[in-house]
Structure formats: structure tokens, C-alpha cells
Amino acid sequence: MRRLAAVAACLTCVACAAEVSLTAPALEPLEGGGQSGVAERSFLVVGDDRTFRALYASIHAHRLPSPRPPDVAFGTHVVLVAFLGTRSTGGHRAGFGAVVVEGDVARVAVVEQSPPADALLIQAMTTPYAMATLVRANIRTVELVDGTGAVVLRRSWR
């Protein structure tokens with residue numbers, strides 16, 4: 001019975017993988033949390049160290065001492081950033097999901113999680129965010145898409 005369950009799980013993984021390009025570049029979570037300080041829902045693709053360091057310092061301006069930003073190899077990577085905007089409770093999370101590559105365009109799913117309706121939550125303003133690195137490879141355009149499949153940000157470079 002366990003073997004049958006394992007085979008079924010494997011087939012499910014194969015079916016899911018068929019939806020994502022086999023040449024999809026690596027997407028690695030970098031950081032996230034509940035306090036970004038960014039009040040509006042917004043999205044960024046950062047391609048240089050200077051911009052990233054300024055953004056990182058801004059996100060962590062409320063912390064003393066301010067943490068050192070993680071090292072990112074911008075020659076081969078970009079940083080994806082999702083800000084969910086102001087929420088009236090805790091329990092909200094941002095993240096990134098599947099990467100689908102078509103030609104030189106990578107479409108990356110932005111994942112927004114809300115707490116269950118019956119959850120006991122802290123009653124405090126939060127500004128959830130997430131950051132991840134994406135390998136540039138042969139990518140020339142990144143599209144971030146929301147849960148409905150709508151493009152929320154399109155960023156291209158040469």
C-alpha cells in the first residue's frame with residue numbers, strides 16, 4: 001500500500017512538472033517577513049547591488065543595528081521582491097511559486113497567503129514582504145504574475 005501511495009505521489013509530481021518548463025531557472029527564497037515598511041502593494045525586480053542595498057536598508061530601517069544585506073551575484077541573478085502592502089492583522093505571508101520559461105521570458109508566480117477566517121491573530125498593522133533570487137541564465141524579461149495569472153510587473157533588460 002505504501003508503494004502504491006509513493007507511485008501516486010510521484011505521478012502527481014510528474015504531472016505538476018509538466019506545467020513548468022524543464023529549463024526553468026533556479027528560484028531561491030532570500031528573505032521575508034511581516035514588517036517591510038512599504039504601505040502599498042508593489043513588486044520589484046532588482047538587477048544591481050546598489051539598488052538592492054538601498055532597498056534592503058529601507059526595509060530594515062526600524063532595526064538597530066541594521067542587518068547586513070545578503071550577498072547576491074548580480075552578474076548571474078536578479079532579486080524578486082513582493083510587498084503585500086498594509087494589512088490590519090498578522091498572519092499574512094508573501095512568497096514566490098512556480099517559474100515558467102517561454103523563450104527568454106520567465107513568468108514567476110507571486111504567492112499571497114492570508115490567514116484562515118477563524119484564526120486568532122495579532123491585531124497590529126503589518127506590511128508583509130518576500131524576496132527571492134532568480135538565475136538570469138538566458139532570461140531577458142521577468143513577469144511577476146498574481147494568483148489570477150495577471151501580470152503585476154514586467155521587467156526587461158538587454
# chains A, B, ... in the order shown; residues from 1 in each chain; ligands from 1

$ closest_atom_pairs --of "segment 29-75 of chain A" --to "segment 130-143 of chain A" --cutoff "12 Å" --atoms "only C-alpha atoms" --output "tab-separated table"
residue	atom	partner	partner_atom	distance
A:Pro29	CA	A:Ala132	CA	4.2
A:Leu30	CA	A:Ala132	CA	4.5
A:Glu31	CA	A:Met131	CA	5.1
A:Gly32	CA	A:Ala130	CA	4.0
A:Gly33	CA	A:Ala130	CA	6.6
A:Gly34	CA	A:Ala130	CA	9.0
A:Gln35	CA	A:Ala130	CA	10.3
A:Ser36	CA	A:Ala130	CA	9.0
A:Val38	CA	A:Ala130	CA	11.8
A:Arg41	CA	A:Ala130	CA	11.9
A:Ser42	CA	A:Ala130	CA	11.2
A:Phe43	CA	A:Ala130	CA	9.8
A:Leu44	CA	A:Met131	CA	9.3
A:Val45	CA	A:Val142	CA	7.7
A:Val46	CA	A:Thr133	CA	9.4
A:Gly47	CA	A:Arg136	CA	9.6
A:Phe52	CA	A:Met131	CA	10.6
A:Leu55	CA	A:Met131	CA	11.0
A:Tyr56	CA	A:Met131	CA	10.0
A:Ile59	CA	A:Ala130	CA	10.9
A:Pro69	CA	A:Met131	CA	11.7
A:Pro70	CA	A:Thr133	CA	10.7
A:Asp71	CA	A:Thr133	CA	10.6
A:Val72	CA	A:Thr133	CA	7.8
A:Ala73	CA	A:Thr133	CA	9.3
A:Phe74	CA	A:Arg136	CA	8.8
A:Gly75	CA	A:Arg136	CA	8.3

$ closest_atom_pairs --of "segment 30-106 of chain A" --to "segment 121-124 of chain A" --cutoff "7 Å" --atoms "only C-alpha atoms" --output "JSON lines"
{"residue": "A:Ser88", "atom": "CA", "partner": "A:Ala124", "partner_atom": "CA", "distance": 5.9}
{"residue": "A:Thr89", "atom": "CA", "partner": "A:Gln123", "partner_atom": "CA", "distance": 4.8}
{"residue": "A:Gly90", "atom": "CA", "partner": "A:Ile122", "partner_atom": "CA", "distance": 5.3}
{"residue": "A:Gly91", "atom": "CA", "partner": "A:Leu121", "partner_atom": "CA", "distance": 6.5}

$ select_by_dssp --residues "chain A" --states "strand (DSSP E)" --output "PyMOL selection string"
chain A and resi 27-33+42-46+77-83+93-102+105-113+129-135+141-145+151-156

$ closest_residue --among "A:Val152, A:Ala119, A:Leu84, A:Leu144" --to "Val100 of chain A" --atoms "only C-alpha atoms"
A:Leu144

$ closest_residue --among "A:Gly37, A:Glu28, A:Asp104, A:Ala98" --to "Arg158 of chain A" --atoms "only C-alpha atoms"
A:Asp104

$ closest_residue --among "A:Asp118, A:Glu40, A:Glu112, A:Asp49" --to "Val79 of chain A" --atoms "only C-alpha atoms"
A:Asp49

$ closest_residue --among "A:Ala150, A:Val145, A:Tyr129, A:Arg155" --to "His60 of chain A" --atoms "only C-alpha atoms"
A:Tyr129

$ atom_distance --atom1 "atom CA of Ala61 of chain A" --atom2 "atom CA of Phe96 of chain A"
24.0 Å

$ closest_residue --among "A:Ala82, A:Ala106, A:Val99, A:Ala54" --to "Ala39 of chain A" --atoms "only C-alpha atoms"
A:Ala82

$ atom_distance --atom1 "atom CA of Val110 of chain A" --atom2 "atom CA of Ala94 of chain A"
7.4 Å

$ select_by_dssp --residues "chain A" --states "helix (DSSP H, G or I)" --output "JSON list (two decimals) with all heavy atoms, in the first residue's frame"
[["chain", "number", "residue", "atom", "x", "y", "z"],
["A", 2, "ARG", "N", 1.96, 1.24, 0.80],
["A", 2, "ARG", "CA", 2.86, 2.39, 0.83],
["A", 2, "ARG", "C", 3.49, 2.62, -0.54],
["A", 2, "ARG", "O", 3.67, 3.75, -0.97],
["A", 2, "ARG", "CB", 3.96, 2.19, 1.86],
["A", 2, "ARG", "CG", 3.51, 2.42, 3.25],
["A", 2, "ARG", "CD", 4.66, 2.34, 4.20],
["A", 2, "ARG", "NE", 4.18, 2.47, 5.56],
["A", 2, "ARG", "CZ", 4.92, 2.32, 6.61],
["A", 2, "ARG", "NH1", 6.19, 2.02, 6.47],
["A", 2, "ARG", "NH2", 4.43, 2.46, 7.81],
["A", 3, "ARG", "N", 3.84, 1.51, -1.21],
["A", 3, "ARG", "CA", 4.47, 1.63, -2.52],
["A", 3, "ARG", "C", 3.50, 2.27, -3.51],
["A", 3, "ARG", "O", 3.88, 3.13, -4.30],
["A", 3, "ARG", "CB", 4.91, 0.26, -3.01],
["A", 3, "ARG", "CG", 5.52, 0.31, -4.38],
["A", 3, "ARG", "CD", 6.10, -0.99, -4.73],
["A", 3, "ARG", "NE", 7.53, -0.86, -4.46],
["A", 3, "ARG", "CZ", 8.42, -1.73, -4.83],
["A", 3, "ARG", "NH1", 8.05, -2.83, -5.41],
["A", 3, "ARG", "NH2", 9.68, -1.53, -4.60],
["A", 4, "LEU", "N", 2.22, 1.91, -3.47],
["A", 4, "LEU", "CA", 1.21, 2.48, -4.35],
["A", 4, "LEU", "C", 1.06, 3.98, -4.08],
["A", 4, "LEU", "O", 0.99, 4.77, -5.01],
["A", 4, "LEU", "CB", -0.14, 1.77, -4.14],
["A", 4, "LEU", "CG", -1.29, 2.25, -5.02],
["A", 4, "LEU", "CD1", -0.92, 2.08, -6.50],
["A", 4, "LEU", "CD2", -2.54, 1.48, -4.71],
["A", 5, "ALA", "N", 1.08, 4.37, -2.82],
["A", 5, "ALA", "CA", 0.98, 5.80, -2.47],
["A", 5, "ALA", "C", 2.20, 6.55, -2.98],
["A", 5, "ALA", "O", 2.08, 7.67, -3.48],
["A", 5, "ALA", "CB", 0.86, 5.96, -0.95],
["A", 6, "ALA", "N", 3.37, 5.94, -2.88],
["A", 6, "ALA", "CA", 4.59, 6.59, -3.37],
["A", 6, "ALA", "C", 4.55, 6.76, -4.88],
["A", 6, "ALA", "O", 4.94, 7.80, -5.41],
["A", 6, "ALA", "CB", 5.81, 5.79, -2.95],
["A", 7, "VAL", "N", 4.05, 5.75, -5.59],
["A", 7, "VAL", "CA", 3.93, 5.84, -7.05],
["A", 7, "VAL", "C", 2.93, 6.93, -7.43],
["A", 7, "VAL", "O", 3.17, 7.74, -8.31],
["A", 7, "VAL", "CB", 3.53, 4.48, -7.66],
["A", 7, "VAL", "CG1", 3.15, 4.63, -9.12],
["A", 7, "VAL", "CG2", 4.66, 3.48, -7.49],
["A", 8, "ALA", "N", 1.81, 6.99, -6.73],
["A", 8, "ALA", "CA", 0.80, 8.01, -7.00],
["A", 8, "ALA", "C", 1.37, 9.40, -6.75],
["A", 8, "ALA", "O", 1.16, 10.33, -7.54],
["A", 8, "ALA", "CB", -0.44, 7.79, -6.14],
["A", 9, "ALA", "N", 2.12, 9.57, -5.68],
["A", 9, "ALA", "CA", 2.74, 10.85, -5.37],
["A", 9, "ALA", "C", 3.74, 11.24, -6.45],
["A", 9, "ALA", "O", 3.81, 12.39, -6.87],
["A", 9, "ALA", "CB", 3.41, 10.81, -4.01],
["A", 10, "CYS", "N", 4.50, 10.27, -6.92],
["A", 10, "CYS", "CA", 5.49, 10.52, -7.96],
["A", 10, "CYS", "C", 4.80, 10.95, -9.26],
["A", 10, "CYS", "O", 5.22, 11.88, -9.93],
["A", 10, "CYS", "CB", 6.34, 9.29, -8.20],
["A", 10, "CYS", "SG", 7.67, 9.56, -9.39],
["A", 11, "LEU", "N", 3.70, 10.28, -9.63],
["A", 11, "LEU", "CA", 2.96, 10.64, -10.83],
["A", 11, "LEU", "C", 2.39, 12.05, -10.70],
["A", 11, "LEU", "O", 2.36, 12.80, -11.67],
["A", 11, "LEU", "CB", 1.85, 9.63, -11.11],
["A", 11, "LEU", "CG", 2.33, 8.25, -11.55],
["A", 11, "LEU", "CD1", 1.15, 7.31, -11.67],
["A", 11, "LEU", "CD2", 3.09, 8.34, -12.85],
["A", 12, "THR", "N", 1.94, 12.41, -9.51],
["A", 12, "THR", "CA", 1.45, 13.76, -9.28],
["A", 12, "THR", "C", 2.56, 14.76, -9.51],
["A", 12, "THR", "O", 2.36, 15.79, -10.15],
["A", 12, "THR", "CB", 0.89, 13.90, -7.85],
["A", 12, "THR", "OG1", -0.17, 12.96, -7.68],
["A", 12, "THR", "CG2", 0.38, 15.30, -7.60],
["A", 13, "CYS", "N", 3.77, 14.47, -9.01],
["A", 13, "CYS", "CA", 4.90, 15.37, -9.21],
["A", 13, "CYS", "C", 5.24, 15.50, -10.69],
["A", 13, "CYS", "O", 5.53, 16.59, -11.16],
["A", 13, "CYS", "CB", 6.13, 14.86, -8.46],
["A", 13, "CYS", "SG", 5.96, 14.98, -6.68],
["A", 14, "VAL", "N", 5.18, 14.40, -11.43],
["A", 14, "VAL", "CA", 5.48, 14.44, -12.85],
["A", 14, "VAL", "C", 4.44, 15.29, -13.57],
["A", 14, "VAL", "O", 4.77, 16.11, -14.43],
["A", 14, "VAL", "CB", 5.53, 13.02, -13.45],
["A", 14, "VAL", "CG1", 5.59, 13.06, -14.96],
["A", 14, "VAL", "CG2", 6.72, 12.27, -12.88],
["A", 15, "ALA", "N", 3.17, 15.16, -13.19],
["A", 15, "ALA", "CA", 2.12, 15.97, -13.81],
["A", 15, "ALA", "C", 2.33, 17.44, -13.51],
["A", 15, "ALA", "O", 2.17, 18.29, -14.39],
["A", 15, "ALA", "CB", 0.75, 15.52, -13.31],
["A", 16, "CYS", "N", 2.71, 17.78, -12.29],
["A", 16, "CYS", "CA", 2.97, 19.18, -11.94],
["A", 16, "CYS", "C", 4.17, 19.71, -12.71],
["A", 16, "CYS", "O", 4.16, 20.83, -13.19],
["A", 16, "CYS", "CB", 3.22, 19.34, -10.45],
["A", 16, "CYS", "SG", 1.77, 19.03, -9.45],
["A", 17, "ALA", "N", 5.20, 18.88, -12.83],
["A", 17, "ALA", "CA", 6.41, 19.31, -13.51],
["A", 17, "ALA", "C", 6.16, 19.58, -14.98],
["A", 17, "ALA", "O", 6.83, 20.41, -15.59],
["A", 17, "ALA", "CB", 7.52, 18.27, -13.34],
["A", 18, "ALA", "N", 5.18, 18.89, -15.57],
["A", 18, "ALA", "CA", 4.87, 19.10, -16.99],
["A", 18, "ALA", "C", 4.38, 20.52, -17.24],
["A", 18, "ALA", "O", 4.52, 21.04, -18.34],
["A", 18, "ALA", "CB", 3.83, 18.08, -17.44],
["A", 19, "GLU", "N", 3.82, 21.17, -16.23],
["A", 19, "GLU", "CA", 3.33, 22.53, -16.39],
["A", 19, "GLU", "C", 4.46, 23.54, -16.34],
["A", 19, "GLU", "O", 4.30, 24.67, -16.77],
["A", 19, "GLU", "CB", 2.33, 22.86, -15.28],
["A", 19, "GLU", "CG", 1.08, 22.01, -15.33],
["A", 19, "GLU", "CD", 0.18, 22.26, -14.14],
["A", 19, "GLU", "OE1", 0.38, 23.28, -13.45],
["A", 19, "GLU", "OE2", -0.72, 21.47, -13.93],
["A", 49, "ASP", "N", 23.53, 45.77, -7.38],
["A", 49, "ASP", "CA", 23.87, 45.76, -5.96],
["A", 49, "ASP", "C", 23.49, 47.06, -5.25],
["A", 49, "ASP", "O", 22.98, 47.04, -4.14],
["A", 49, "ASP", "CB", 25.36, 45.47, -5.79],
["A", 49, "ASP", "CG", 25.73, 45.18, -4.35],
["A", 49, "ASP", "OD1", 25.17, 44.22, -3.78],
["A", 49, "ASP", "OD2", 26.56, 45.92, -3.80],
["A", 50, "ARG", "N", 23.74, 48.19, -5.87],
["A", 50, "ARG", "CA", 23.47, 49.49, -5.24],
["A", 50, "ARG", "C", 21.98, 49.65, -4.92],
["A", 50, "ARG", "O", 21.61, 50.02, -3.81],
["A", 50, "ARG", "CB", 23.96, 50.62, -6.13],
["A", 50, "ARG", "CG", 23.95, 51.95, -5.44],
["A", 50, "ARG", "CD", 24.65, 52.97, -6.28],
["A", 50, "ARG", "NE", 23.64, 53.92, -6.72],
["A", 50, "ARG", "CZ", 23.85, 54.89, -7.54],
["A", 50, "ARG", "NH1", 25.04, 55.05, -8.08],
["A", 50, "ARG", "NH2", 22.90, 55.73, -7.85],
["A", 51, "THR", "N", 21.13, 49.34, -5.88],
["A", 51, "THR", "CA", 19.68, 49.44, -5.67],
["A", 51, "THR", "C", 19.24, 48.46, -4.59],
["A", 51, "THR", "O", 18.43, 48.80, -3.72],
["A", 51, "THR", "CB", 18.93, 49.17, -6.98],
["A", 51, "THR", "OG1", 19.37, 50.09, -7.98],
["A", 51, "THR", "CG2", 17.43, 49.29, -6.79],
["A", 52, "PHE", "N", 19.80, 47.25, -4.63],
["A", 52, "PHE", "CA", 19.42, 46.23, -3.65],
["A", 52, "PHE", "C", 19.81, 46.66, -2.23],
["A", 52, "PHE", "O", 19.02, 46.55, -1.30],
["A", 52, "PHE", "CB", 20.06, 44.89, -3.99],
["A", 52, "PHE", "CG", 19.78, 43.82, -2.97],
["A", 52, "PHE", "CD1", 18.50, 43.34, -2.77],
["A", 52, "PHE", "CD2", 20.81, 43.32, -2.19],
["A", 52, "PHE", "CE1", 18.24, 42.37, -1.82],
["A", 52, "PHE", "CE2", 20.56, 42.34, -1.24],
["A", 52, "PHE", "CZ", 19.27, 41.86, -1.05],
["A", 53, "ARG", "N", 21.02, 47.18, -2.06],
["A", 53, "ARG", "CA", 21.47, 47.61, -0.73],
["A", 53, "ARG", "C", 20.61, 48.74, -0.19],
["A", 53, "ARG", "O", 20.27, 48.77, 0.99],
["A", 53, "ARG", "CB", 22.94, 47.99, -0.76],
["A", 53, "ARG", "CG", 23.85, 46.78, -0.90],
["A", 53, "ARG", "CD", 25.33, 47.17, -0.86],
["A", 53, "ARG", "NE", 26.16, 46.00, -0.98],
["A", 53, "ARG", "CZ", 26.41, 45.13, 0.00],
["A", 53, "ARG", "NH1", 25.89, 45.32, 1.18],
["A", 53, "ARG", "NH2", 27.17, 44.08, -0.21],
["A", 54, "ALA", "N", 20.22, 49.68, -1.04],
["A", 54, "ALA", "CA", 19.35, 50.79, -0.61],
["A", 54, "ALA", "C", 17.97, 50.26, -0.22],
["A", 54, "ALA", "O", 17.41, 50.67, 0.81],
["A", 54, "ALA", "CB", 19.23, 51.82, -1.72],
["A", 55, "LEU", "N", 17.43, 49.35, -1.01],
["A", 55, "LEU", "CA", 16.13, 48.76, -0.70],
["A", 55, "LEU", "C", 16.19, 47.98, 0.61],
["A", 55, "LEU", "O", 15.33, 48.12, 1.48],
["A", 55, "LEU", "CB", 15.69, 47.82, -1.83],
["A", 55, "LEU", "CG", 14.41, 47.03, -1.59],
["A", 55, "LEU", "CD1", 13.21, 47.97, -1.53],
["A", 55, "LEU", "CD2", 14.23, 45.99, -2.67],
["A", 56, "TYR", "N", 17.24, 47.19, 0.78],
["A", 56, "TYR", "CA", 17.40, 46.38, 1.98],
["A", 56, "TYR", "C", 17.50, 47.27, 3.23],
["A", 56, "TYR", "O", 16.88, 47.00, 4.25],
["A", 56, "TYR", "CB", 18.64, 45.50, 1.85],
["A", 56, "TYR", "CG", 18.68, 44.37, 2.84],
["A", 56, "TYR", "CD1", 18.03, 43.17, 2.57],
["A", 56, "TYR", "CD2", 19.36, 44.49, 4.05],
["A", 56, "TYR", "CE1", 18.06, 42.13, 3.47],
["A", 56, "TYR", "CE2", 19.39, 43.46, 4.96],
["A", 56, "TYR", "CZ", 18.74, 42.28, 4.67],
["A", 56, "TYR", "OH", 18.74, 41.25, 5.57],
["A", 57, "ALA", "N", 18.29, 48.35, 3.12],
["A", 57, "ALA", "CA", 18.42, 49.28, 4.25],
["A", 57, "ALA", "C", 17.07, 49.92, 4.58],
["A", 57, "ALA", "O", 16.73, 50.09, 5.76],
["A", 57, "ALA", "CB", 19.45, 50.35, 3.92],
["A", 58, "SER", "N", 16.29, 50.23, 3.57],
["A", 58, "SER", "CA", 14.97, 50.83, 3.78],
["A", 58, "SER", "C", 14.03, 49.85, 4.50],
["A", 58, "SER", "O", 13.32, 50.23, 5.43],
["A", 58, "SER", "CB", 14.38, 51.24, 2.43],
["A", 58, "SER", "OG", 13.07, 51.69, 2.58],
["A", 59, "ILE", "N", 14.03, 48.61, 4.07],
["A", 59, "ILE", "CA", 13.17, 47.59, 4.69],
["A", 59, "ILE", "C", 13.53, 47.39, 6.16],
["A", 59, "ILE", "O", 12.67, 47.21, 7.00],
["A", 59, "ILE", "CB", 13.27, 46.25, 3.93],
["A", 59, "ILE", "CG1", 12.60, 46.36, 2.57],
["A", 59, "ILE", "CG2", 12.66, 45.10, 4.74],
["A", 59, "ILE", "CD1", 12.84, 45.17, 1.66]]

$ decode --residues "segment 122-148 of chain A" --atoms "N, CA, C and O atoms" --output "PDB file, in the first residue's frame"
ATOM      1  N   ILE A 122      -2.726  38.448  15.805  1.00  0.00           N
ATOM      2  CA  ILE A 122      -2.329  39.685  16.455  1.00  0.00           C
ATOM      3  C   ILE A 122      -3.031  40.835  15.736  1.00  0.00           C
ATOM      4  O   ILE A 122      -3.112  40.857  14.504  1.00  0.00           O
ATOM      5  N   GLN A 123      -3.579  41.738  16.486  1.00  0.00           N
ATOM      6  CA  GLN A 123      -4.273  42.899  15.915  1.00  0.00           C
ATOM      7  C   GLN A 123      -3.283  44.045  15.824  1.00  0.00           C
ATOM      8  O   GLN A 123      -3.243  44.928  16.667  1.00  0.00           O
ATOM      9  N   ALA A 124      -2.467  44.009  14.810  1.00  0.00           N
ATOM     10  CA  ALA A 124      -1.433  45.013  14.598  1.00  0.00           C
ATOM     11  C   ALA A 124      -1.227  45.190  13.102  1.00  0.00           C
ATOM     12  O   ALA A 124      -1.390  44.240  12.336  1.00  0.00           O
ATOM     13  N   MET A 125      -0.879  46.389  12.713  1.00  0.00           N
ATOM     14  CA  MET A 125      -0.599  46.658  11.305  1.00  0.00           C
ATOM     15  C   MET A 125       0.673  45.919  10.901  1.00  0.00           C
ATOM     16  O   MET A 125       1.684  45.975  11.602  1.00  0.00           O
ATOM     17  N   THR A 126       0.609  45.235   9.773  1.00  0.00           N
ATOM     18  CA  THR A 126       1.771  44.536   9.235  1.00  0.00           C
ATOM     19  C   THR A 126       1.945  44.940   7.776  1.00  0.00           C
ATOM     20  O   THR A 126       1.000  45.395   7.128  1.00  0.00           O
ATOM     21  N   THR A 127       3.138  44.759   7.272  1.00  0.00           N
ATOM     22  CA  THR A 127       3.445  45.042   5.865  1.00  0.00           C
ATOM     23  C   THR A 127       4.301  43.887   5.323  1.00  0.00           C
ATOM     24  O   THR A 127       5.518  44.017   5.173  1.00  0.00           O
ATOM     25  N   PRO A 128       3.673  42.747   5.047  1.00  0.00           N
ATOM     26  CA  PRO A 128       4.413  41.543   4.648  1.00  0.00           C
ATOM     27  C   PRO A 128       5.171  41.715   3.324  1.00  0.00           C
ATOM     28  O   PRO A 128       4.734  42.444   2.435  1.00  0.00           O
ATOM     29  N   TYR A 129       6.294  41.004   3.244  1.00  0.00           N
ATOM     30  CA  TYR A 129       7.109  41.048   2.028  1.00  0.00           C
ATOM     31  C   TYR A 129       7.868  39.741   1.864  1.00  0.00           C
ATOM     32  O   TYR A 129       7.989  38.947   2.797  1.00  0.00           O
ATOM     33  N   ALA A 130       8.381  39.543   0.650  1.00  0.00           N
ATOM     34  CA  ALA A 130       9.245  38.403   0.360  1.00  0.00           C
ATOM     35  C   ALA A 130      10.255  38.814  -0.698  1.00  0.00           C
ATOM     36  O   ALA A 130       9.956  39.649  -1.563  1.00  0.00           O
ATOM     37  N   MET A 131      11.453  38.216  -0.608  1.00  0.00           N
ATOM     38  CA  MET A 131      12.494  38.413  -1.610  1.00  0.00           C
ATOM     39  C   MET A 131      13.038  37.043  -1.997  1.00  0.00           C
ATOM     40  O   MET A 131      13.152  36.156  -1.150  1.00  0.00           O
ATOM     41  N   ALA A 132      13.374  36.907  -3.273  1.00  0.00           N
ATOM     42  CA  ALA A 132      13.962  35.666  -3.766  1.00  0.00           C
ATOM     43  C   ALA A 132      14.948  36.012  -4.878  1.00  0.00           C
ATOM     44  O   ALA A 132      14.811  37.051  -5.534  1.00  0.00           O
ATOM     45  N   THR A 133      15.929  35.149  -5.079  1.00  0.00           N
ATOM     46  CA  THR A 133      16.845  35.331  -6.201  1.00  0.00           C
ATOM     47  C   THR A 133      16.425  34.409  -7.332  1.00  0.00           C
ATOM     48  O   THR A 133      15.939  33.302  -7.107  1.00  0.00           O
ATOM     49  N   LEU A 134      16.612  34.905  -8.544  1.00  0.00           N
ATOM     50  CA  LEU A 134      16.309  34.146  -9.756  1.00  0.00           C
ATOM     51  C   LEU A 134      17.541  34.163 -10.636  1.00  0.00           C
ATOM     52  O   LEU A 134      18.106  35.236 -10.890  1.00  0.00           O
ATOM     53  N   VAL A 135      17.968  32.995 -11.093  1.00  0.00           N
ATOM     54  CA  VAL A 135      19.108  32.905 -12.001  1.00  0.00           C
ATOM     55  C   VAL A 135      18.705  33.519 -13.338  1.00  0.00           C
ATOM     56  O   VAL A 135      17.660  33.185 -13.894  1.00  0.00           O
ATOM     57  N   ARG A 136      19.537  34.434 -13.830  1.00  0.00           N
ATOM     58  CA  ARG A 136      19.224  35.111 -15.098  1.00  0.00           C
ATOM     59  C   ARG A 136      19.287  34.158 -16.282  1.00  0.00           C
ATOM     60  O   ARG A 136      18.467  34.253 -17.180  1.00  0.00           O
ATOM     61  N   ALA A 137      20.288  33.286 -16.328  1.00  0.00           N
ATOM     62  CA  ALA A 137      20.502  32.355 -17.437  1.00  0.00           C
ATOM     63  C   ALA A 137      20.295  33.097 -18.758  1.00  0.00           C
ATOM     64  O   ALA A 137      20.945  34.093 -19.001  1.00  0.00           O
ATOM     65  N   ASN A 138      19.371  32.627 -19.594  1.00  0.00           N
ATOM     66  CA  ASN A 138      19.078  33.272 -20.872  1.00  0.00           C
ATOM     67  C   ASN A 138      17.844  34.158 -20.782  1.00  0.00           C
ATOM     68  O   ASN A 138      17.246  34.495 -21.798  1.00  0.00           O
ATOM     69  N   ILE A 139      17.468  34.519 -19.577  1.00  0.00           N
ATOM     70  CA  ILE A 139      16.271  35.322 -19.348  1.00  0.00           C
ATOM     71  C   ILE A 139      16.558  36.786 -19.679  1.00  0.00           C
ATOM     72  O   ILE A 139      17.561  37.340 -19.249  1.00  0.00           O
ATOM     73  N   ARG A 140      15.665  37.407 -20.419  1.00  0.00           N
ATOM     74  CA  ARG A 140      15.768  38.838 -20.736  1.00  0.00           C
ATOM     75  C   ARG A 140      14.580  39.624 -20.190  1.00  0.00           C
ATOM     76  O   ARG A 140      14.612  40.840 -20.136  1.00  0.00           O
ATOM     77  N   THR A 141      13.531  38.901 -19.791  1.00  0.00           N
ATOM     78  CA  THR A 141      12.336  39.538 -19.244  1.00  0.00           C
ATOM     79  C   THR A 141      11.805  38.685 -18.104  1.00  0.00           C
ATOM     80  O   THR A 141      11.751  37.459 -18.218  1.00  0.00           O
ATOM     81  N   VAL A 142      11.409  39.341 -17.014  1.00  0.00           N
ATOM     82  CA  VAL A 142      10.742  38.654 -15.904  1.00  0.00           C
ATOM     83  C   VAL A 142       9.347  39.252 -15.784  1.00  0.00           C
ATOM     84  O   VAL A 142       9.183  40.472 -15.774  1.00  0.00           O
ATOM     85  N   GLU A 143       8.357  38.371 -15.729  1.00  0.00           N
ATOM     86  CA  GLU A 143       6.981  38.783 -15.465  1.00  0.00           C
ATOM     87  C   GLU A 143       6.570  38.176 -14.136  1.00  0.00           C
ATOM     88  O   GLU A 143       6.680  36.962 -13.951  1.00  0.00           O
ATOM     89  N   LEU A 144       6.127  39.008 -13.218  1.00  0.00           N
ATOM     90  CA  LEU A 144       5.559  38.518 -11.972  1.00  0.00           C
ATOM     91  C   LEU A 144       4.054  38.478 -12.168  1.00  0.00           C
ATOM     92  O   LEU A 144       3.454  39.455 -12.639  1.00  0.00           O
ATOM     93  N   VAL A 145       3.441  37.328 -11.839  1.00  0.00           N
ATOM     94  CA  VAL A 145       2.002  37.149 -12.049  1.00  0.00           C
ATOM     95  C   VAL A 145       1.319  36.833 -10.727  1.00  0.00           C
ATOM     96  O   VAL A 145       1.874  36.147  -9.875  1.00  0.00           O
ATOM     97  N   ASP A 146       0.106  37.365 -10.558  1.00  0.00           N
ATOM     98  CA  ASP A 146      -0.637  37.128  -9.318  1.00  0.00           C
ATOM     99  C   ASP A 146      -1.414  35.813  -9.404  1.00  0.00           C
ATOM    100  O   ASP A 146      -1.296  35.072 -10.386  1.00  0.00           O
ATOM    101  N   GLY A 147      -2.224  35.540  -8.395  1.00  0.00           N
ATOM    102  CA  GLY A 147      -2.973  34.294  -8.310  1.00  0.00           C
ATOM    103  C   GLY A 147      -3.987  34.091  -9.426  1.00  0.00           C
ATOM    104  O   GLY A 147      -4.407  32.968  -9.690  1.00  0.00           O
ATOM    105  N   THR A 148      -4.370  35.174 -10.108  1.00  0.00           N
ATOM    106  CA  THR A 148      -5.313  35.057 -11.230  1.00  0.00           C
ATOM    107  C   THR A 148      -4.589  34.900 -12.553  1.00  0.00           C
ATOM    108  O   THR A 148      -5.225  34.742 -13.588  1.00  0.00           O
TER     109      THR A 148
END
